[in-house]
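Note: the block below is query18.tsv and it holds TSV, N, CA and C atoms.
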chain	number	residue	atom	x	y	z
A	1	MET	N	-79.36	4.94	-5.68
A	1	MET	CA	-78.99	6.33	-5.55
A	1	MET	C	-79.77	7.20	-6.55
A	2	LEU	N	-80.15	6.64	-7.66
A	2	LEU	CA	-80.89	7.40	-8.67
A	2	LEU	C	-82.35	7.62	-8.25
A	3	ASN	N	-82.94	6.62	-7.62
A	3	ASN	CA	-84.36	6.71	-7.30
A	3	ASN	C	-84.75	7.91	-6.43
A	4	PRO	N	-84.03	8.23	-5.36
A	4	PRO	CA	-84.44	9.40	-4.57
A	4	PRO	C	-84.40	10.69	-5.38
A	5	ILE	N	-83.41	10.81	-6.24
A	5	ILE	CA	-83.30	12.01	-7.08
A	5	ILE	C	-84.44	12.04	-8.08
A	6	PHE	N	-84.66	10.91	-8.76
A	6	PHE	CA	-85.75	10.83	-9.73
A	6	PHE	C	-87.10	11.07	-9.06
A	7	ASP	N	-87.29	10.46	-7.89
A	7	ASP	CA	-88.57	10.62	-7.17
A	7	ASP	C	-88.84	12.08	-6.84
A	8	THR	N	-87.80	12.80	-6.43
A	8	THR	CA	-87.97	14.22	-6.13
A	8	THR	C	-88.36	15.00	-7.37
A	9	ILE	N	-87.65	14.77	-8.46
A	9	ILE	CA	-87.95	15.47	-9.72
A	9	ILE	C	-89.37	15.14	-10.18
A	10	GLN	N	-89.73	13.87	-10.11
A	10	GLN	CA	-91.07	13.46	-10.54
A	10	GLN	C	-92.15	14.10	-9.67
A	11	LYS	N	-91.96	14.10	-8.37
A	11	LYS	CA	-92.94	14.68	-7.44
A	11	LYS	C	-93.12	16.18	-7.71
A	12	VAL	N	-92.02	16.87	-7.89
A	12	VAL	CA	-92.08	18.31	-8.14
A	12	VAL	C	-92.70	18.60	-9.51
A	13	ALA	N	-92.36	17.81	-10.51
A	13	ALA	CA	-92.93	18.00	-11.85
A	13	ALA	C	-94.45	17.80	-11.81
A	14	LYS	N	-94.89	16.78	-11.08
A	14	LYS	CA	-96.33	16.56	-10.94
A	14	LYS	C	-97.00	17.73	-10.23
A	15	SER	N	-96.31	18.30	-9.25
A	15	SER	CA	-96.84	19.46	-8.54
A	15	SER	C	-97.00	20.65	-9.48
A	16	ILE	N	-96.00	20.86	-10.33
A	16	ILE	CA	-96.06	21.96	-11.31
A	16	ILE	C	-97.24	21.74	-12.26
A	17	ILE	N	-97.37	20.52	-12.75
A	17	ILE	CA	-98.46	20.20	-13.68
A	17	ILE	C	-99.81	20.43	-13.02
A	18	THR	N	-99.96	19.97	-11.79
A	18	THR	CA	-101.22	20.15	-11.07
A	18	THR	C	-101.55	21.62	-10.90
A	19	LYS	N	-100.55	22.41	-10.52
A	19	LYS	CA	-100.77	23.85	-10.35
A	19	LYS	C	-101.19	24.50	-11.66
A	20	LEU	N	-100.55	24.10	-12.76
A	20	LEU	CA	-100.89	24.67	-14.07
A	20	LEU	C	-102.27	24.24	-14.55
A	21	GLU	N	-102.65	23.00	-14.21
A	21	GLU	CA	-103.99	22.53	-14.60
A	21	GLU	C	-105.08	23.27	-13.81
A	22	LYS	N	-104.80	23.56	-12.56
A	22	LYS	CA	-105.77	24.27	-11.72
A	22	LYS	C	-105.88	25.74	-12.11
A	23	SER	N	-104.74	26.31	-12.49
A	23	SER	CA	-104.71	27.73	-12.84
A	23	SER	C	-103.73	27.97	-13.97
A	24	PRO	N	-104.19	27.86	-15.21
A	24	PRO	CA	-103.30	28.02	-16.37
A	24	PRO	C	-102.60	29.38	-16.44
A	25	ILE	N	-103.15	30.36	-15.77
A	25	ILE	CA	-102.52	31.69	-15.81
A	25	ILE	C	-101.70	31.97	-14.55
A	26	ILE	N	-101.24	30.92	-13.91
A	26	ILE	CA	-100.42	31.06	-12.71
A	26	ILE	C	-99.13	31.81	-13.04
A	27	SER	N	-98.68	32.62	-12.11
A	27	SER	CA	-97.46	33.40	-12.36
A	27	SER	C	-96.23	32.52	-12.18
A	28	ILE	N	-95.17	32.90	-12.85
A	28	ILE	CA	-93.92	32.16	-12.75
A	28	ILE	C	-93.39	32.20	-11.33
A	29	GLU	N	-93.67	33.27	-10.62
A	29	GLU	CA	-93.21	33.39	-9.23
A	29	GLU	C	-93.79	32.29	-8.35
A	30	GLU	N	-95.00	31.88	-8.66
A	30	GLU	CA	-95.64	30.82	-7.88
A	30	GLU	C	-95.04	29.44	-8.18
A	31	LEU	N	-94.33	29.34	-9.26
A	31	LEU	CA	-93.70	28.07	-9.64
A	31	LEU	C	-92.20	28.06	-9.36
A	32	THR	N	-91.65	29.19	-8.97
A	32	THR	CA	-90.21	29.34	-8.82
A	32	THR	C	-89.61	28.33	-7.84
A	33	VAL	N	-90.25	28.10	-6.71
A	33	VAL	CA	-89.72	27.16	-5.72
A	33	VAL	C	-89.64	25.76	-6.31
A	34	ASP	N	-90.70	25.34	-6.98
A	34	ASP	CA	-90.71	24.00	-7.58
A	34	ASP	C	-89.66	23.89	-8.69
A	35	ILE	N	-89.59	24.90	-9.52
A	35	ILE	CA	-88.60	24.89	-10.61
A	35	ILE	C	-87.19	24.82	-10.03
A	36	SER	N	-86.95	25.53	-8.96
A	36	SER	CA	-85.65	25.52	-8.31
A	36	SER	C	-85.31	24.13	-7.78
A	37	LYS	N	-86.29	23.43	-7.23
A	37	LYS	CA	-86.06	22.07	-6.73
A	37	LYS	C	-85.62	21.14	-7.85
A	38	VAL	N	-86.27	21.25	-9.00
A	38	VAL	CA	-85.91	20.41	-10.15
A	38	VAL	C	-84.51	20.76	-10.62
A	39	THR	N	-84.23	22.03	-10.73
A	39	THR	CA	-82.93	22.49	-11.21
A	39	THR	C	-81.80	22.02	-10.30
A	40	LYS	N	-82.04	22.02	-9.00
A	40	LYS	CA	-81.00	21.58	-8.06
A	40	LYS	C	-80.70	20.09	-8.21
A	41	LYS	N	-81.69	19.29	-8.55
A	41	LYS	CA	-81.50	17.84	-8.68
A	41	LYS	C	-81.07	17.42	-10.08
A	42	GLU	N	-81.26	18.31	-11.05
A	42	GLU	CA	-81.01	17.98	-12.45
A	42	GLU	C	-79.58	17.49	-12.71
A	43	SER	N	-78.60	18.19	-12.19
A	43	SER	CA	-77.21	17.84	-12.44
A	43	SER	C	-76.87	16.46	-11.90
A	44	ASP	N	-77.29	16.18	-10.66
A	44	ASP	CA	-77.03	14.86	-10.07
A	44	ASP	C	-77.70	13.76	-10.89
A	45	PHE	N	-78.94	14.01	-11.30
A	45	PHE	CA	-79.68	13.03	-12.09
A	45	PHE	C	-78.95	12.73	-13.40
A	46	LEU	N	-78.54	13.78	-14.09
A	46	LEU	CA	-77.89	13.60	-15.38
A	46	LEU	C	-76.53	12.90	-15.26
A	47	LEU	N	-75.79	13.19	-14.20
A	47	LEU	CA	-74.51	12.52	-14.00
A	47	LEU	C	-74.70	11.02	-13.77
A	48	ILE	N	-75.67	10.68	-12.95
A	48	ILE	CA	-75.93	9.27	-12.68
A	48	ILE	C	-76.45	8.57	-13.94
A	49	MET	N	-77.33	9.22	-14.67
A	49	MET	CA	-77.85	8.63	-15.91
A	49	MET	C	-76.72	8.44	-16.92
A	50	ASP	N	-75.80	9.38	-16.98
A	50	ASP	CA	-74.66	9.25	-17.89
A	50	ASP	C	-73.82	8.03	-17.52
A	51	ASP	N	-73.60	7.81	-16.22
A	51	ASP	CA	-72.87	6.63	-15.78
A	51	ASP	C	-73.58	5.34	-16.18
A	52	ILE	N	-74.90	5.34	-16.03
A	52	ILE	CA	-75.69	4.15	-16.39
A	52	ILE	C	-75.60	3.87	-17.89
A	53	VAL	N	-75.74	4.90	-18.68
A	53	VAL	CA	-75.66	4.74	-20.14
A	53	VAL	C	-74.27	4.25	-20.55
A	54	ASN	N	-73.24	4.81	-19.94
A	54	ASN	CA	-71.88	4.36	-20.26
A	54	ASN	C	-71.67	2.90	-19.88
A	55	GLN	N	-72.23	2.47	-18.76
A	55	GLN	CA	-72.11	1.07	-18.35
A	55	GLN	C	-72.80	0.15	-19.35
A	56	TYR	N	-74.02	0.52	-19.78
A	56	TYR	CA	-74.72	-0.27	-20.80
A	56	TYR	C	-73.92	-0.33	-22.09
A	57	ASP	N	-73.30	0.78	-22.46
A	57	ASP	CA	-72.50	0.82	-23.68
A	57	ASP	C	-71.31	-0.12	-23.58
A	58	LYS	N	-70.63	-0.13	-22.44
A	58	LYS	CA	-69.49	-1.04	-22.24
A	58	LYS	C	-69.95	-2.49	-22.34
A	59	GLU	N	-71.06	-2.80	-21.68
A	59	GLU	CA	-71.57	-4.18	-21.71
A	59	GLU	C	-71.97	-4.59	-23.12
A	60	ALA	N	-72.57	-3.68	-23.87
A	60	ALA	CA	-72.96	-3.98	-25.25
A	60	ALA	C	-71.72	-4.23	-26.10
A	61	ASP	N	-70.68	-3.43	-25.92
A	61	ASP	CA	-69.44	-3.61	-26.67
A	61	ASP	C	-68.82	-4.98	-26.39
A	62	ILE	N	-68.84	-5.38	-25.13
A	62	ILE	CA	-68.30	-6.69	-24.75
A	62	ILE	C	-69.08	-7.81	-25.44
A	63	LYS	N	-70.39	-7.70	-25.45
A	63	LYS	CA	-71.23	-8.72	-26.09
A	63	LYS	C	-71.00	-8.77	-27.59
A	64	VAL	N	-70.88	-7.61	-28.21
A	64	VAL	CA	-70.65	-7.57	-29.66
A	64	VAL	C	-69.29	-8.18	-29.98
A	65	THR	N	-68.29	-7.86	-29.20
A	65	THR	CA	-66.97	-8.45	-29.41
A	65	THR	C	-67.03	-9.97	-29.28
A	66	TRP	N	-67.71	-10.46	-28.27
A	66	TRP	CA	-67.85	-11.90	-28.06
A	66	TRP	C	-68.57	-12.54	-29.24
A	67	LEU	N	-69.64	-11.90	-29.71
A	67	LEU	CA	-70.39	-12.44	-30.85
A	67	LEU	C	-69.54	-12.47	-32.12
A	68	ARG	N	-68.71	-11.47	-32.31
A	68	ARG	CA	-67.84	-11.45	-33.49
A	68	ARG	C	-66.84	-12.61	-33.44
A	69	LYS	N	-66.30	-12.86	-32.25
A	69	LYS	CA	-65.38	-13.98	-32.09
A	69	LYS	C	-66.11	-15.30	-32.30
A	70	PHE	N	-67.30	-15.40	-31.77
A	70	PHE	CA	-68.12	-16.61	-31.89
A	70	PHE	C	-68.48	-16.89	-33.35
A	71	GLU	N	-68.69	-15.82	-34.12
A	71	GLU	CA	-69.07	-15.92	-35.52
A	71	GLU	C	-67.99	-16.62	-36.34
A	72	PHE	N	-66.74	-16.46	-35.97
A	72	PHE	CA	-65.63	-17.06	-36.72
A	72	PHE	C	-65.52	-18.57	-36.51
A	73	PHE	N	-66.11	-19.07	-35.46
A	73	PHE	CA	-66.02	-20.52	-35.17
A	73	PHE	C	-67.14	-21.23	-35.80
Target encoding structure tokens, full file:
Amino acid sequence: MLNPIFDTIQKVAKSIITKLEKSPIISIEELTVDISKVTKKESDFLLIMDDIVNQYDKEADIKVTWLRKFEFF
């Protein structure tokens, strides 16, 4: 579920970079559509990333707890 969102953001970001490299004095209006696409996907991306980070944190806590118990034996 993360990949389609990330892929969209990455594709649009590359498009913005390409446009800026071709014309450094490009107007913001010419980038507005691309910026809007990133902004629309940003919230979904961050929510999913937050879930992933929380899952890793839970798994790390479980491993640390296990190691602490193991240390006593």
Report the distance between CA of Ala13 (chain A) and CA of Lys40 (chain A) in Å, rounded to one decimal place.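 About the pair CA of Ala13 (chain A) and CA of Lys40 (chain A): they are 13.0 Å apart.
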In terms of the shortest atom-to-atom distance over only N, CA and C atoms, which of A:Leu20, A:Val64, A:Val38, A:Ile26 is closest to Thr8 (chain A)?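 Going through A:Leu20, A:Val64, A:Val38, A:Ile26 one by one, the smallest distance to Thr8 (chain A) is for A:Val38.
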From A:Lys63, A:Ile16, A:Gln55, A:Ile9, residue lying nearest Ile28 (chain A) [only C-alpha atoms]: A:Ile16
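Across the structure, atom N of Asp7 (chain A) and CA of Val53 (chain A) are spaced 17.8 Å apart.
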In Å, how far is it from CA of Ser27 (chain A) to CA of Pro4 (chain A)?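 Computing it gives 28.4 Å between the two atoms.
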Please complete region 28-39 of chain A with all heavy atoms and give it back as a short mmCIF file (atom, residue, chain, number, x, y, z; two decimals), in the frame of the given file.
data_model
loop_
_atom_site.label_atom_id
_atom_site.label_comp_id
_atom_site.auth_asym_id
_atom_site.auth_seq_id
_atom_site.Cartn_x
_atom_site.Cartn_y
_atom_site.Cartn_z
N ILE A 28 -95.17 32.90 -12.85
CA ILE A 28 -93.92 32.16 -12.75
C ILE A 28 -93.39 32.20 -11.33
O ILE A 28 -92.74 31.25 -10.87
CB ILE A 28 -92.87 32.67 -13.77
CG1 ILE A 28 -91.68 31.72 -13.88
CG2 ILE A 28 -92.40 34.06 -13.41
CD1 ILE A 28 -91.98 30.44 -14.56
N GLU A 29 -93.67 33.27 -10.62
CA GLU A 29 -93.21 33.39 -9.23
C GLU A 29 -93.79 32.29 -8.35
O GLU A 29 -93.15 31.82 -7.42
CB GLU A 29 -93.57 34.77 -8.65
CG GLU A 29 -92.77 35.92 -9.21
CD GLU A 29 -93.26 36.38 -10.59
OE1 GLU A 29 -94.43 36.09 -10.96
OE2 GLU A 29 -92.47 37.02 -11.30
N GLU A 30 -95.00 31.88 -8.66
CA GLU A 30 -95.64 30.82 -7.88
C GLU A 30 -95.04 29.44 -8.18
O GLU A 30 -95.23 28.51 -7.41
CB GLU A 30 -97.15 30.81 -8.14
CG GLU A 30 -97.85 32.06 -7.61
CD GLU A 30 -99.33 32.04 -7.92
OE1 GLU A 30 -100.06 31.27 -7.26
OE2 GLU A 30 -99.75 32.80 -8.82
N LEU A 31 -94.33 29.34 -9.26
CA LEU A 31 -93.70 28.07 -9.64
C LEU A 31 -92.20 28.06 -9.36
O LEU A 31 -91.55 27.01 -9.48
CB LEU A 31 -93.93 27.79 -11.12
CG LEU A 31 -95.38 27.65 -11.57
CD1 LEU A 31 -95.45 27.52 -13.08
CD2 LEU A 31 -96.04 26.46 -10.90
N THR A 32 -91.65 29.19 -8.97
CA THR A 32 -90.21 29.34 -8.82
C THR A 32 -89.61 28.33 -7.84
O THR A 32 -88.55 27.75 -8.11
CB THR A 32 -89.85 30.77 -8.38
OG1 THR A 32 -90.34 31.67 -9.36
CG2 THR A 32 -88.36 30.96 -8.23
N VAL A 33 -90.25 28.10 -6.71
CA VAL A 33 -89.72 27.16 -5.72
C VAL A 33 -89.64 25.76 -6.31
O VAL A 33 -88.61 25.07 -6.17
CB VAL A 33 -90.57 27.18 -4.43
CG1 VAL A 33 -90.13 26.08 -3.48
CG2 VAL A 33 -90.48 28.53 -3.74
N ASP A 34 -90.70 25.34 -6.98
CA ASP A 34 -90.71 24.00 -7.58
C ASP A 34 -89.66 23.89 -8.69
O ASP A 34 -88.94 22.89 -8.77
CB ASP A 34 -92.10 23.67 -8.15
CG ASP A 34 -93.11 23.36 -7.07
OD1 ASP A 34 -92.70 23.03 -5.94
OD2 ASP A 34 -94.32 23.45 -7.35
N ILE A 35 -89.59 24.90 -9.52
CA ILE A 35 -88.60 24.89 -10.61
C ILE A 35 -87.19 24.82 -10.03
O ILE A 35 -86.34 24.08 -10.53
CB ILE A 35 -88.78 26.12 -11.52
CG1 ILE A 35 -90.11 26.03 -12.27
CG2 ILE A 35 -87.60 26.27 -12.48
CD1 ILE A 35 -90.51 27.29 -12.99
N SER A 36 -86.95 25.53 -8.96
CA SER A 36 -85.65 25.52 -8.31
C SER A 36 -85.31 24.13 -7.78
O SER A 36 -84.15 23.68 -7.87
CB SER A 36 -85.63 26.54 -7.17
OG SER A 36 -84.42 26.50 -6.49
N LYS A 37 -86.29 23.43 -7.23
CA LYS A 37 -86.06 22.07 -6.73
C LYS A 37 -85.62 21.14 -7.85
O LYS A 37 -84.71 20.32 -7.68
CB LYS A 37 -87.32 21.52 -6.06
CG LYS A 37 -87.65 22.17 -4.73
CD LYS A 37 -88.94 21.61 -4.16
CE LYS A 37 -89.36 22.33 -2.90
NZ LYS A 37 -90.65 21.83 -2.38
N VAL A 38 -86.27 21.25 -9.00
CA VAL A 38 -85.91 20.41 -10.15
C VAL A 38 -84.51 20.76 -10.62
O VAL A 38 -83.68 19.88 -10.86
CB VAL A 38 -86.93 20.56 -11.30
CG1 VAL A 38 -86.43 19.87 -12.56
CG2 VAL A 38 -88.28 20.02 -10.89
N THR A 39 -84.23 22.03 -10.73
CA THR A 39 -82.93 22.49 -11.21
C THR A 39 -81.80 22.02 -10.30
O THR A 39 -80.73 21.63 -10.78
CB THR A 39 -82.91 24.04 -11.31
OG1 THR A 39 -83.99 24.45 -12.15
CG2 THR A 39 -81.62 24.54 -11.89
#
